[in-house]
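Asks: To start, I am sharing the structure in question, which I have written as structure tokens.
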Amino acid sequence: MAASTINALLGGLIIGLAAAFLFGLAGRIAGISGILYGALTQSGDRAWRWLFVIGLLAGGFVYHLLSGNPAPDLARDNYTLAIVGGLLVGFGVRRGSGCTSGHGVCGIARFSKRSIVATLTFIGTGMLTATLVNMLMGGFQ
């Protein structure tokens, strides 16, 4: 099995375990947009949220340090596209009442019909967007 496949499997396992522990031990759903929103807006329930967000960022940083893999090159050529994409994601998160982690990982695990529909919508929209970008812009650069 290729190293990238093993990394993906281990990453998925860690995400699933973290979501299960957060739900089982604290009764919280590991939806990143909700956690970040609460960290920015709630007054009494912020410490665990900030620790969660910092852990996400630190985990990626530590992985790249330990693995020797280069960090991804983030939108070095097209900042406008990155900004527009970020705003569209934020808009979609608010319209869809959550993000892919909340719906896809936690919602499906709870057999939430709304989350199943949302996740299928995320996947379908992503496939359509990738196809259109490939057709209209000659692929991703």
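Chain lettering (A, B, ...) mirrors the order of the structure tokens, residue numbering begins at 1 for each chain separately, and ligand numbering begins at 1 in order of display.
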Using only C-alpha atoms, determine which residues lie at most 7 Å from range 28-33 of chain A, disregarding the query and same-chain residues fewer than 4 positions distant; provide the list as a ChimeraX atom specification.
Replies: /A:19,22-23,37,98-99,101-102,106
Asks: Limited to C-alpha atoms, could you put the picked residues into a file as an mmCIF file, in the first residue's frame?
Replies:
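Generated output (again.cif):
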```cif
data_model
loop_
_atom_site.group_PDB
_atom_site.id
_atom_site.type_symbol
_atom_site.label_atom_id
_atom_site.label_comp_id
_atom_site.auth_asym_id
_atom_site.auth_seq_id
_atom_site.Cartn_x
_atom_site.Cartn_y
_atom_site.Cartn_z
ATOM 1 C CA ALA A 19 -15.068 13.286 16.565
ATOM 2 C CA LEU A 22 -15.615 14.833 21.484
ATOM 3 C CA PHE A 23 -19.192 13.632 21.067
ATOM 4 C CA TYR A 37 -17.965 30.491 15.212
ATOM 5 C CA GLY A 98 -22.637 23.554 8.871
ATOM 6 C CA CYS A 99 -19.525 22.407 7.107
ATOM 7 C CA SER A 101 -16.774 18.008 8.895
ATOM 8 C CA GLY A 102 -19.967 18.561 10.857
ATOM 9 C CA CYS A 106 -20.545 13.672 12.529
#
```
Asks: Any idea what the distance is between CA of Thr41 in chain A and CA of Phe61 in chain A?
Replies: 26.1 Å
Asks: Enumerate, in order of chain and increasing residue number, the residues of range 47-113 of chain A with an atom no farther than 12 Å from range 125-128 of chain A, each with its shortest atom pair and distance in Å to one decimal, counting only C-alpha atoms, as JSON lines.
Replies:
```
{"residue": "A:Val89", "atom": "CA", "partner": "A:Gly126", "partner_atom": "CA", "distance": 11.3}
{"residue": "A:Gly92", "atom": "CA", "partner": "A:Thr125", "partner_atom": "CA", "distance": 11.0}
{"residue": "A:Thr100", "atom": "CA", "partner": "A:Gly126", "partner_atom": "CA", "distance": 11.5}
```
Asks: Got a sec to tell me which of chain A DSSP assigns to helix (DSSP H, G or I), as a PyMOL selection string?
Replies: chain A and resi 3-26+32-41+47-67+79-95+100-109+113-137
Asks: Report, in Å to a single decimal, how far apart CA of Asn69 in chain A and CA of Met1 in chain A are.
Replies: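 So the two atoms, CA of Met1 in chain A and CA of Asn69 in chain A, lie 18.1 Å apart.
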Asks: Taking only C-alpha atoms into account, which of A:Gly24, A:Asn7, A:Gly34, A:Ala18 comes nearest Gly55 in chain A?
Replies: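 Once distances to Gly55 in chain A are computed over only C-alpha atoms, the minimum belongs to A:Ala18.
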Asks: Find the residues around Trp50 in chain A up to 9 Å (only C-alpha atoms counted), leave out those fewer than 3 positions away in its own chain, and share them as a list in words.
Replies: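 Result of the neighbour search: Ile35, Leu36, Ala39, Leu40, Arg46, Ala47, Val53, Ile54 and Gly55 of chain A.
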Asks: Of the residues A:Leu132, A:Gly86, A:Ser97, A:Val105, which is the one nearest to Leu13 in chain A, using only C-alpha atoms?
Replies: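 Counting only C-alpha atoms, the residue closest to Leu13 in chain A is A:Val105.
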Asks: From the options A:Gly11, A:Gly107, A:Gly124, A:Gly38, which residue's atoms come nearest to Gly59 in chain A, counting only C-alpha atoms?
Replies: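 Using only C-alpha atoms, Gly59 in chain A sits closest to A:Gly11.
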Asks: Quick one: distance from CA of Ala130 in chain A to CA of Ile108 in chain A in Å, one decimal?
Replies: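 Separation of CA of Ala130 in chain A and CA of Ile108 in chain A: 23.9 Å.
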